[in-house]
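Below: final00.pdb (PDB, C-alpha atoms and all ligand atoms)
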ATOM      1  CA  MET A   1      87.461 133.616-106.480
ATOM      2  CA  GLU A   2      87.656 130.543-108.694
ATOM      3  CA  ASN A   3      84.543 128.335-108.726
ATOM      4  CA  LYS A   4      85.437 124.878-107.496
ATOM      5  CA  ILE A   5      84.484 121.912-105.358
ATOM      6  CA  LYS A   6      86.854 119.854-103.246
ATOM      7  CA  ILE A   7      85.705 116.660-101.556
ATOM      8  CA  SER A   8      87.830 115.097 -98.832
ATOM      9  CA  LYS A   9      87.320 112.064 -96.644
ATOM     10  CA  PHE A  10      87.363 111.769 -92.849
ATOM     11  CA  ASP A  11      86.472 108.508 -91.048
ATOM     12  CA  ASP A  12      82.953 107.742 -92.355
ATOM     13  CA  GLY A  13      82.259 111.259 -93.529
ATOM     14  CA  LEU A  14      83.004 113.663 -96.347
ATOM     15  CA  VAL A  15      83.881 117.351 -96.206
ATOM     16  CA  ILE A  16      82.553 119.102 -99.295
ATOM     17  CA  LYS A  17      84.243 122.447 -99.757
ATOM     18  CA  ILE A  18      82.597 124.698-102.306
ATOM     19  CA  SER A  19      84.409 127.887-103.314
ATOM     20  CA  GLY A  20      83.251 130.772-105.494
ATOM     21  CA  ASP A  21      79.751 130.877-106.964
ATOM     22  CA  LEU A  22      77.267 128.064-106.356
ATOM     23  CA  ASP A  23      74.542 128.791-108.913
ATOM     24  CA  SER A  24      72.121 126.755-111.049
ATOM     25  CA  TYR A  25      74.845 126.188-113.633
ATOM     26  CA  LYS A  26      77.464 124.923-111.177
ATOM     27  CA  THR A  27      75.067 122.726-109.193
ATOM     28  CA  LEU A  28      74.627 120.499-112.266
ATOM     29  CA  SER A  29      78.250 119.328-112.312
ATOM     30  CA  TYR A  30      78.744 119.501-108.536
ATOM     31  CA  LYS A  31      75.809 117.165-107.951
ATOM     32  CA  THR A  32      77.414 114.486-110.137
ATOM     33  CA  LYS A  33      80.755 114.877-108.312
ATOM     34  CA  ILE A  34      79.169 114.641-104.865
ATOM     35  CA  LEU A  35      77.048 111.610-105.835
ATOM     36  CA  GLN A  36      80.119 109.827-107.220
ATOM     37  CA  ALA A  37      82.049 110.448-103.988
ATOM     38  CA  MET A  38      79.052 109.288-101.945
ATOM     39  CA  GLU A  39      78.722 106.109-103.959
ATOM     40  CA  LYS A  40      82.396 105.320-103.516
ATOM     41  CA  ASN A  41      82.710 106.133 -99.803
ATOM     42  CA  GLU A  42      79.183 105.472 -98.510
ATOM     43  CA  PRO A  43      79.463 108.270 -95.931
ATOM     44  CA  LEU A  44      77.221 108.687 -92.890
ATOM     45  CA  PHE A  45      78.240 112.309 -92.409
ATOM     46  CA  LEU A  46      78.448 115.215 -94.840
ATOM     47  CA  LEU A  47      79.838 118.594 -93.942
ATOM     48  CA  PHE A  48      79.479 121.445 -96.420
ATOM     49  CA  ASP A  49      82.324 123.928 -95.952
ATOM     50  CA  LEU A  50      81.116 127.249 -97.404
ATOM     51  CA  LYS A  51      83.889 129.492 -96.060
ATOM     52  CA  ASP A  52      85.005 130.596 -99.544
ATOM     53  CA  LEU A  53      81.533 130.758-101.076
ATOM     54  CA  THR A  54      80.848 134.040-102.891
ATOM     55  CA  PHE A  55      77.345 133.328-104.152
ATOM     56  CA  LEU A  56      74.375 131.255-103.003
ATOM     57  CA  ASP A  57      70.762 130.960-104.165
ATOM     58  CA  SER A  58      67.975 128.394-104.007
ATOM     59  CA  ALA A  59      69.787 126.139-106.508
ATOM     60  CA  GLY A  60      72.564 125.592-103.956
ATOM     61  CA  ILE A  61      69.955 125.150-101.239
ATOM     62  CA  GLY A  62      68.323 122.458-103.404
ATOM     63  CA  LEU A  63      71.667 120.695-103.867
ATOM     64  CA  ILE A  64      72.363 120.608-100.119
ATOM     65  CA  LEU A  65      68.783 119.596 -99.291
ATOM     66  CA  GLY A  66      68.965 116.766-101.844
ATOM     67  CA  ARG A  67      72.104 115.345-100.172
ATOM     68  CA  TYR A  68      70.486 115.797 -96.740
ATOM     69  CA  ASN A  69      67.640 113.573 -97.928
ATOM     70  CA  ASP A  70      70.144 110.958 -99.195
ATOM     71  CA  ILE A  71      72.010 110.940 -95.864
ATOM     72  CA  LYS A  72      68.818 110.876 -93.810
ATOM     73  CA  ARG A  73      67.900 107.622 -95.569
ATOM     74  CA  VAL A  74      71.028 105.948 -94.157
ATOM     75  CA  GLY A  75      70.560 107.522 -90.720
ATOM     76  CA  GLY A  76      73.462 109.954 -90.937
ATOM     77  CA  GLN A  77      73.913 113.675 -90.425
ATOM     78  CA  VAL A  78      74.635 116.772 -92.505
ATOM     79  CA  GLY A  79      76.165 120.037 -91.316
ATOM     80  CA  LEU A  80      77.211 123.451 -92.580
ATOM     81  CA  VAL A  81      80.332 125.373 -91.674
ATOM     82  CA  GLY A  82      81.863 128.748 -92.595
ATOM     83  CA  LEU A  83      78.725 130.731 -93.447
ATOM     84  CA  SER A  84      79.145 134.458 -94.140
ATOM     85  CA  SER A  85      76.326 136.670 -92.815
ATOM     86  CA  TYR A  86      75.033 136.859 -96.404
ATOM     87  CA  ALA A  87      75.029 133.053 -96.839
ATOM     88  CA  ALA A  88      73.470 132.632 -93.387
ATOM     89  CA  LYS A  89      70.640 134.913 -94.451
ATOM     90  CA  ILE A  90      69.881 132.837 -97.568
ATOM     91  CA  VAL A  91      70.085 129.637 -95.487
ATOM     92  CA  LYS A  92      67.599 131.125 -93.038
ATOM     93  CA  ILE A  93      65.081 132.539 -95.556
ATOM     94  CA  SER A  94      65.100 129.292 -97.507
ATOM     95  CA  GLY A  95      64.227 127.298 -94.397
ATOM     96  CA  LEU A  96      67.395 125.183 -94.722
ATOM     97  CA  SER A  97      68.531 126.281 -91.251
ATOM     98  CA  SER A  98      65.499 124.573 -89.723
ATOM     99  CA  VAL A  99      66.680 121.140 -90.938
ATOM    100  CA  ILE A 100      70.471 121.477 -91.133
ATOM    101  CA  LYS A 101      72.635 122.761 -88.305
ATOM    102  CA  THR A 102      75.511 125.203 -88.697
ATOM    103  CA  TYR A 103      78.753 124.338 -86.881
ATOM    104  CA  LYS A 104      81.606 126.608 -85.794
ATOM    105  CA  SER A 105      84.308 124.455 -87.342
ATOM    106  CA  VAL A 106      85.008 121.157 -89.060
ATOM    107  CA  ALA A 107      86.409 119.937 -85.731
ATOM    108  CA  GLN A 108      83.216 120.859 -83.854
ATOM    109  CA  PHE A 109      81.104 118.962 -86.366
ATOM    110  CA  LYS A 110      83.279 115.844 -86.096
ATOM    111  CA  LYS A 111      83.134 116.024 -82.326
ATOM    112  CA  GLU A 112      79.357 116.508 -82.090
ATOM    113  CA  VAL A 113      78.301 113.842 -84.581
ATOM    114  CA  ARG A 114      80.491 111.320 -82.765
ATOM    115  CA  VAL A 115      78.380 111.564 -79.598
TER     116      VAL A 115
ATOM    117  CA  MET B 116      64.276 161.270-111.842
ATOM    118  CA  VAL B 117      66.036 158.279-113.379
ATOM    119  CA  THR B 118      69.745 158.934-113.134
ATOM    120  CA  ASN B 119      70.977 155.849-114.951
ATOM    121  CA  SER B 120      69.510 152.929-116.865
ATOM    122  CA  MET B 121      70.584 149.709-118.588
ATOM    123  CA  GLU B 122      69.165 146.860-120.615
ATOM    124  CA  LEU B 123      70.570 143.411-121.165
ATOM    125  CA  ARG B 124      69.409 140.640-123.483
ATOM    126  CA  PHE B 125      70.947 137.168-123.474
ATOM    127  CA  LYS B 126      70.212 133.601-124.540
ATOM    128  CA  ALA B 127      68.296 131.338-122.173
ATOM    129  CA  THR B 128      71.194 129.186-121.024
ATOM    130  CA  LEU B 129      72.277 128.789-117.391
ATOM    131  CA  LYS B 130      75.821 129.756-118.432
ATOM    132  CA  ASN B 131      74.500 133.324-118.739
ATOM    133  CA  GLU B 132      73.338 133.535-115.131
ATOM    134  CA  SER B 133      76.721 134.864-114.016
ATOM    135  CA  LEU B 134      76.669 137.423-116.840
ATOM    136  CA  ALA B 135      73.360 138.801-115.551
ATOM    137  CA  ARG B 136      74.636 138.949-111.949
ATOM    138  CA  THR B 137      77.904 140.628-112.889
ATOM    139  CA  ALA B 138      76.211 143.191-115.150
ATOM    140  CA  VAL B 139      73.769 144.303-112.466
ATOM    141  CA  ILE B 140      76.534 144.561-109.869
ATOM    142  CA  SER B 141      78.731 146.718-112.122
ATOM    143  CA  PHE B 142      75.695 148.850-112.915
ATOM    144  CA  ILE B 143      75.332 149.853-109.235
ATOM    145  CA  GLU B 144      79.065 150.072-108.535
ATOM    146  CA  SER B 145      79.066 153.905-108.514
ATOM    147  CA  LEU B 146      76.685 153.773-105.511
ATOM    148  CA  HIS B 147      79.353 151.903-103.482
ATOM    149  CA  PRO B 148      77.060 149.123-102.248
ATOM    150  CA  THR B 149      77.874 147.163 -99.098
ATOM    151  CA  ALA B 150      78.996 143.547 -99.498
ATOM    152  CA  GLU B 151      75.641 142.497 -98.029
ATOM    153  CA  ILE B 152      73.698 144.401-100.718
ATOM    154  CA  VAL B 153      75.927 142.982-103.473
ATOM    155  CA  GLY B 154      75.301 139.434-102.264
ATOM    156  CA  GLU B 155      71.559 139.925-101.925
ATOM    157  CA  LEU B 156      71.242 141.520-105.371
ATOM    158  CA  LYS B 157      73.215 138.724-107.013
ATOM    159  CA  THR B 158      70.827 136.237-105.436
ATOM    160  CA  ILE B 159      67.722 138.182-106.543
ATOM    161  CA  VAL B 160      68.994 138.384-110.149
ATOM    162  CA  SER B 161      69.989 134.711-110.286
ATOM    163  CA  GLU B 162      66.684 133.490-108.891
ATOM    164  CA  ALA B 163      64.673 135.474-111.443
ATOM    165  CA  VAL B 164      66.964 134.661-114.368
ATOM    166  CA  SER B 165      67.159 130.940-113.590
ATOM    167  CA  ASN B 166      63.352 130.850-113.334
ATOM    168  CA  ALA B 167      63.060 132.468-116.771
ATOM    169  CA  ILE B 168      65.535 129.979-118.283
ATOM    170  CA  ILE B 169      64.347 126.799-116.548
ATOM    171  CA  HIS B 170      60.604 127.332-116.114
ATOM    172  CA  GLY B 171      59.820 130.007-118.701
ATOM    173  CA  TYR B 172      61.833 128.528-121.564
ATOM    174  CA  HIS B 173      62.573 124.929-120.450
ATOM    175  CA  LEU B 174      66.271 125.554-121.172
ATOM    176  CA  ASP B 175      65.626 126.391-124.855
ATOM    177  CA  ALA B 176      68.748 128.442-125.646
ATOM    178  CA  SER B 177      67.211 129.906-128.797
ATOM    179  CA  LYS B 178      65.032 132.109-126.564
ATOM    180  CA  ASP B 179      65.938 135.462-124.994
ATOM    181  CA  VAL B 180      65.869 136.697-121.398
ATOM    182  CA  TYR B 181      65.734 140.445-120.661
ATOM    183  CA  VAL B 182      67.043 142.350-117.648
ATOM    184  CA  LYS B 183      66.281 146.051-117.359
ATOM    185  CA  GLY B 184      67.679 148.264-114.609
ATOM    186  CA  ASP B 185      66.992 151.838-113.519
ATOM    187  CA  ILE B 186      68.676 153.828-110.793
ATOM    188  CA  GLU B 187      66.732 156.665-109.246
ATOM    189  CA  ASP B 188      68.700 158.372-106.473
ATOM    190  CA  ASP B 189      69.829 155.399-104.385
ATOM    191  CA  VAL B 190      67.081 152.986-105.443
ATOM    192  CA  LEU B 191      67.604 150.285-108.041
ATOM    193  CA  SER B 192      64.588 148.955-109.978
ATOM    194  CA  LEU B 193      64.987 145.732-111.894
ATOM    195  CA  ILE B 194      62.681 144.042-114.375
ATOM    196  CA  ILE B 195      63.489 140.490-115.420
ATOM    197  CA  SER B 196      61.331 139.258-118.305
ATOM    198  CA  ASP B 197      60.830 136.174-120.397
ATOM    199  CA  TYR B 198      58.359 135.451-123.198
ATOM    200  CA  GLY B 199      57.959 131.831-122.224
ATOM    201  CA  GLN B 200      55.252 129.576-120.878
ATOM    202  CA  GLY B 201      53.945 131.780-118.071
ATOM    203  CA  ILE B 202      52.574 130.779-114.657
ATOM    204  CA  LYS B 203      49.157 129.209-114.302
ATOM    205  CA  ASP B 204      48.589 130.003-110.618
ATOM    206  CA  ILE B 205      50.782 132.768-109.204
ATOM    207  CA  ASP B 206      49.628 132.334-105.595
ATOM    208  CA  LEU B 207      50.604 128.689-105.761
ATOM    209  CA  ALA B 208      53.962 129.556-107.370
ATOM    210  CA  LEU B 209      54.649 131.975-104.502
ATOM    211  CA  THR B 210      53.997 129.292-101.872
ATOM    212  CA  PRO B 211      57.262 128.328-100.136
ATOM    213  CA  HIS B 212      58.607 124.897-101.231
ATOM    214  CA  TYR B 213      56.246 124.725-104.236
ATOM    215  CA  THR B 214      58.063 123.711-107.410
ATOM    216  CA  THR B 215      56.970 122.176-110.703
ATOM    217  CA  ARG B 216      60.504 120.745-111.168
ATOM    218  CA  PRO B 217      61.373 118.580-108.152
ATOM    219  CA  ASP B 218      63.212 116.346-110.645
ATOM    220  CA  LEU B 219      65.834 119.114-110.998
ATOM    221  CA  GLU B 220      66.158 119.415-107.198
ATOM    222  CA  ARG B 221      64.628 122.873-107.276
ATOM    223  CA  ALA B 222      63.875 123.891-103.692
ATOM    224  CA  GLY B 223      60.752 125.875-104.604
ATOM    225  CA  MET B 224      62.146 128.822-102.632
ATOM    226  CA  GLY B 225      63.269 131.174-105.426
ATOM    227  CA  LEU B 226      60.294 133.533-105.437
ATOM    228  CA  THR B 227      60.169 133.528-101.628
ATOM    229  CA  ILE B 228      63.857 134.494-101.509
ATOM    230  CA  ILE B 229      63.396 137.296-104.093
ATOM    231  CA  GLU B 230      60.453 138.657-102.115
ATOM    232  CA  SER B 231      62.318 138.654 -98.789
ATOM    233  CA  LEU B 232      65.501 140.234-100.173
ATOM    234  CA  SER B 233      63.850 143.081-102.076
ATOM    235  CA  ASP B 234      62.088 146.214-100.806
ATOM    236  CA  SER B 235      59.216 145.806-103.241
ATOM    237  CA  PHE B 236      58.328 142.813-105.398
ATOM    238  CA  LYS B 237      55.761 142.306-108.128
ATOM    239  CA  ILE B 238      55.241 139.440-110.516
ATOM    240  CA  ARG B 239      53.051 139.450-113.575
ATOM    241  CA  SER B 240      52.516 136.425-115.746
ATOM    242  CA  VAL B 241      50.289 135.385-118.618
ATOM    243  CA  ILE B 242      50.070 131.804-119.823
ATOM    244  CA  ASN B 243      51.974 131.332-123.088
ATOM    245  CA  MET B 244      52.940 135.014-123.061
ATOM    246  CA  GLY B 245      55.591 135.118-120.404
ATOM    247  CA  THR B 246      56.560 136.340-116.962
ATOM    248  CA  ARG B 247      57.873 139.617-115.612
ATOM    249  CA  VAL B 248      59.421 140.044-112.179
ATOM    250  CA  MET B 249      59.776 143.606-110.884
ATOM    251  CA  VAL B 250      61.783 144.450-107.786
ATOM    252  CA  THR B 251      63.208 147.538-106.154
ATOM    253  CA  LYS B 252      66.027 147.680-103.654
ATOM    254  CA  LYS B 253      67.585 150.586-101.842
ATOM    255  CA  ILE B 254      71.328 150.503-102.372
ATOM    256  CA  VAL B 255      72.894 151.108 -98.982
ATOM    257  CA  SER B 256      76.320 152.544 -99.617
ATOM    258  CA  ALA B 257      79.333 151.282 -97.690
ATOM    259  CA  GLU B 258      80.328 154.891 -96.923
ATOM    260  CA  GLU B 259      76.865 155.750 -95.609
ATOM    261  CA  LYS B 260      77.018 152.686 -93.381
ATOM    262  CA  VAL B 261      80.349 153.724 -91.843
ATOM    263  CA  THR B 262      78.869 157.157 -90.995
ATOM    264  CA  ASP B 263      75.785 155.530 -89.450
ATOM    265  CA  ASP B 264      77.860 153.122 -87.395
ATOM    266  CA  VAL B 265      80.028 155.949 -86.076
ATOM    267  CA  GLY B 266      76.915 158.003 -85.317
ATOM    268  CA  GLN B 267      75.445 155.334 -83.072
TER     269      GLN B 267
HETATM  270  N1  LIG A 301      59.603 132.755-115.245
HETATM  271  C1  LIG A 301      58.786 131.721-114.969
HETATM  272  N2  LIG A 301      58.084 131.112-115.967
HETATM  273  C2  LIG A 301      57.258 130.073-115.726
HETATM  274  N3  LIG A 301      57.059 129.529-114.487
HETATM  275  C3  LIG A 301      57.708 130.093-113.454
HETATM  276  C4  LIG A 301      58.598 131.209-113.624
HETATM  277  N4  LIG A 301      59.103 131.559-112.403
HETATM  278  C5  LIG A 301      58.541 130.693-111.517
HETATM  279  N5  LIG A 301      57.721 129.811-112.135
HETATM  280  C6  LIG A 301      56.920 128.730-111.481
HETATM  281  O1  LIG A 301      56.884 128.984-110.085
HETATM  282  C7  LIG A 301      57.433 127.855-109.354
HETATM  283  C8  LIG A 301      58.150 128.355-108.121
HETATM  284  O2  LIG A 301      59.298 129.113-108.453
HETATM  285  P1  LIG A 301      60.493 129.239-107.407
HETATM  286  O3  LIG A 301      59.940 129.746-106.133
HETATM  287  O4  LIG A 301      61.588 130.023-108.023
HETATM  288  O5  LIG A 301      60.944 127.725-107.167
HETATM  289  P2  LIG A 301      61.785 126.729-108.107
HETATM  290  O6  LIG A 301      62.489 127.529-109.158
HETATM  291  O7  LIG A 301      62.711 126.088-107.151
HETATM  292  O8  LIG A 301      60.791 125.770-108.698
HETATM  293  C9  LIG A 301      58.312 127.149-110.369
HETATM  294  O9  LIG A 301      58.477 125.780-110.049
HETATM  295  C10 LIG A 301      57.540 127.362-111.659
HETATM  296  O10 LIG A 301      56.475 126.430-111.777
HETATM  297 MG    MG A 302      63.428 129.311-108.871
END
Show the structure stored in the file as structure tokens.
Ligand SMILES: Nc1ncnc2c1ncn2[C@@H]1O[C@H](COP(=O)(O)OP(=O)(O)O)[C@@H](O)[C@H]1O
Ligand SMILES: [Mg+2]
Amino acid sequence: MENKIKISKFDDGLVIKISGDLDSYKTLSYKTKILQAMEKNEPLFLLFDLKDLTFLDSAGIGLILGRYNDIKRVGGQVGLVGLSSYAAKIVKISGLSSVIKTYKSVAQFKKEVRV
Amino acid sequence: MVTNSMELRFKATLKNESLARTAVISFIESLHPTAEIVGELKTIVSEAVSNAIIHGYHLDASKDVYVKGDIEDDVLSLIISDYGQGIKDIDLALTPHYTTRPDLERAGMGLTIIESLSDSFKIRSVINMGTRVMVTKKIVSAEEKVTDDVGQ
């Protein structure tokens, strides 16, 4: 699987799809890309789509947690979608699952944050 | 009895994290690990290697990181070593969410994750001498798992 990040817009949110390996090396460039998109679009909602993720460690957790803190400051919400059982385990051990909710689909996230 | 062993030395740059992960995974390939085990091992290796590079050597690519692996029956032992700055207070370093590099958005969860994903975990560190992380993990084979599942 190729390592890549794809950021797409929906209403006042962004879907951040990360494919392949999300390690310490990749988080450096991905952080810049996400921050640029956030500056441009000023989103209230961020959804990390990790369906095609093949590797996760605490560097990726730090990246997601950092954006959660940014979004919290503007009163928005962050969600996760597409976790494999392996990724879910890392999310749980790291404590990320106690602050960020996992959603069944992009559609479910959009629906729930609208309420 | 050790049935296979390997040693890897590489420069302390984050680009080499994937090299370390891939090498360890090919090393255990003959044991037919489950996808779960492969994922967990990759995470263990990356956490230890990124700690060596970032905290041990402060990203000084002239320094070397070492990964040593032994397979004994179906158990993998790994030793990840650096000869960098060492850890002043290991108990503090092991505390969840503790990090000396919040500026790099480190979550302070690396050692906690290594400990939870491995069957045994030891860390030894001496200031200005370096740090050594030792883990063992039983390699559950995908074939074994199928048999178990059928048996239940
Ligand atoms: N190899 C190492 N050399 C020096 N210090 C280390 C090493 N590994 C861990 N540490 C120290 O332990 C702390 C906690 O490590 P860890 O749990 O992996 O969190 P993080 O890497 O996110 O800071 C680090 O911030 C660092 O101060
Ligand atoms: Mg770490």
**Q.** Resolved residues for the PyMOL selection byres (((not hetatm)) within 7 of (chain A and resi 301)) as a PyMOL selection string
**A.** (chain A and resi 58) or (chain B and resi 162-163+166-167+170-171+197+199-202+208-209+211-216+221-227+245-246)
Can you write out the residues you just picked, keeping C-alpha atoms, as an mmCIF file, in the coordinates of the input?
data_model
loop_
_atom_site.group_PDB
_atom_site.id
_atom_site.type_symbol
_atom_site.label_atom_id
_atom_site.label_comp_id
_atom_site.auth_asym_id
_atom_site.auth_seq_id
_atom_site.Cartn_x
_atom_site.Cartn_y
_atom_site.Cartn_z
ATOM 1 C CA SER A 58 67.975 128.394 -104.007
ATOM 2 C CA GLU B 162 66.684 133.490 -108.891
ATOM 3 C CA ALA B 163 64.673 135.474 -111.443
ATOM 4 C CA ASN B 166 63.352 130.850 -113.334
ATOM 5 C CA ALA B 167 63.060 132.468 -116.771
ATOM 6 C CA HIS B 170 60.604 127.332 -116.114
ATOM 7 C CA GLY B 171 59.820 130.007 -118.701
ATOM 8 C CA ASP B 197 60.830 136.174 -120.397
ATOM 9 C CA GLY B 199 57.959 131.831 -122.224
ATOM 10 C CA GLN B 200 55.252 129.576 -120.878
ATOM 11 C CA GLY B 201 53.945 131.780 -118.071
ATOM 12 C CA ILE B 202 52.574 130.779 -114.657
ATOM 13 C CA ALA B 208 53.962 129.556 -107.370
ATOM 14 C CA LEU B 209 54.649 131.975 -104.502
ATOM 15 C CA PRO B 211 57.262 128.328 -100.136
ATOM 16 C CA HIS B 212 58.607 124.897 -101.231
ATOM 17 C CA TYR B 213 56.246 124.725 -104.236
ATOM 18 C CA THR B 214 58.063 123.711 -107.410
ATOM 19 C CA THR B 215 56.970 122.176 -110.703
ATOM 20 C CA ARG B 216 60.504 120.745 -111.168
ATOM 21 C CA ARG B 221 64.628 122.873 -107.276
ATOM 22 C CA ALA B 222 63.875 123.891 -103.692
ATOM 23 C CA GLY B 223 60.752 125.875 -104.604
ATOM 24 C CA MET B 224 62.146 128.822 -102.632
ATOM 25 C CA GLY B 225 63.269 131.174 -105.426
ATOM 26 C CA LEU B 226 60.294 133.533 -105.437
ATOM 27 C CA THR B 227 60.169 133.528 -101.628
ATOM 28 C CA GLY B 245 55.591 135.118 -120.404
ATOM 29 C CA THR B 246 56.560 136.340 -116.962
#
(Q) Counting only C-alpha atoms, a student should be able to say which residues of chain A come within 10 Å of chain B; what is the right answer, written as a PyMOL selection string? (A) chain A and resi 21+23-28+31+54-66+84-87+89-96
Writer output for current selection, C-alpha atoms, as an mmCIF file, in the frame of the given file:
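Here's the written file again30.cif:
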data_model
loop_
_atom_site.group_PDB
_atom_site.id
_atom_site.type_symbol
_atom_site.label_atom_id
_atom_site.label_comp_id
_atom_site.auth_asym_id
_atom_site.auth_seq_id
_atom_site.Cartn_x
_atom_site.Cartn_y
_atom_site.Cartn_z
ATOM 1 C CA ASP A 21 79.751 130.877 -106.964
ATOM 2 C CA ASP A 23 74.542 128.791 -108.913
ATOM 3 C CA SER A 24 72.121 126.755 -111.049
ATOM 4 C CA TYR A 25 74.845 126.188 -113.633
ATOM 5 C CA LYS A 26 77.464 124.923 -111.177
ATOM 6 C CA THR A 27 75.067 122.726 -109.193
ATOM 7 C CA LEU A 28 74.627 120.499 -112.266
ATOM 8 C CA LYS A 31 75.809 117.165 -107.951
ATOM 9 C CA THR A 54 80.848 134.040 -102.891
ATOM 10 C CA PHE A 55 77.345 133.328 -104.152
ATOM 11 C CA LEU A 56 74.375 131.255 -103.003
ATOM 12 C CA ASP A 57 70.762 130.960 -104.165
ATOM 13 C CA SER A 58 67.975 128.394 -104.007
ATOM 14 C CA ALA A 59 69.787 126.139 -106.508
ATOM 15 C CA GLY A 60 72.564 125.592 -103.956
ATOM 16 C CA ILE A 61 69.955 125.150 -101.239
ATOM 17 C CA GLY A 62 68.323 122.458 -103.404
ATOM 18 C CA LEU A 63 71.667 120.695 -103.867
ATOM 19 C CA ILE A 64 72.363 120.608 -100.119
ATOM 20 C CA LEU A 65 68.783 119.596 -99.291
ATOM 21 C CA GLY A 66 68.965 116.766 -101.844
ATOM 22 C CA SER A 84 79.145 134.458 -94.140
ATOM 23 C CA SER A 85 76.326 136.670 -92.815
ATOM 24 C CA TYR A 86 75.033 136.859 -96.404
ATOM 25 C CA ALA A 87 75.029 133.053 -96.839
ATOM 26 C CA LYS A 89 70.640 134.913 -94.451
ATOM 27 C CA ILE A 90 69.881 132.837 -97.568
ATOM 28 C CA VAL A 91 70.085 129.637 -95.487
ATOM 29 C CA LYS A 92 67.599 131.125 -93.038
ATOM 30 C CA ILE A 93 65.081 132.539 -95.556
ATOM 31 C CA SER A 94 65.100 129.292 -97.507
ATOM 32 C CA GLY A 95 64.227 127.298 -94.397
ATOM 33 C CA LEU A 96 67.395 125.183 -94.722
#
Q: Record the distance separating atom CA of A:Arg114 and atom CA of A:Asp12, expressed in Å with one decimal.
A: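 Those two atoms sit 10.5 Å apart.
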Q: For A:Lys51, list every protein, DNA or RNA residue within 10 Å, evaluated using only C-alpha atoms, and leave out those in the same chain fewer than 3 positions away; present the list as a PyMOL selection string.
A: chain A and resi 17-20+48+54+80-84+87
Axis-aligned box for stretch 3-10 of chain A, 8 Å per side, centre and edges in Å as JSON:
{"center_x": 86.2, "center_y": 120.1, "center_z": -100.8, "size_x": 19.3, "size_y": 32.6, "size_z": 31.9}
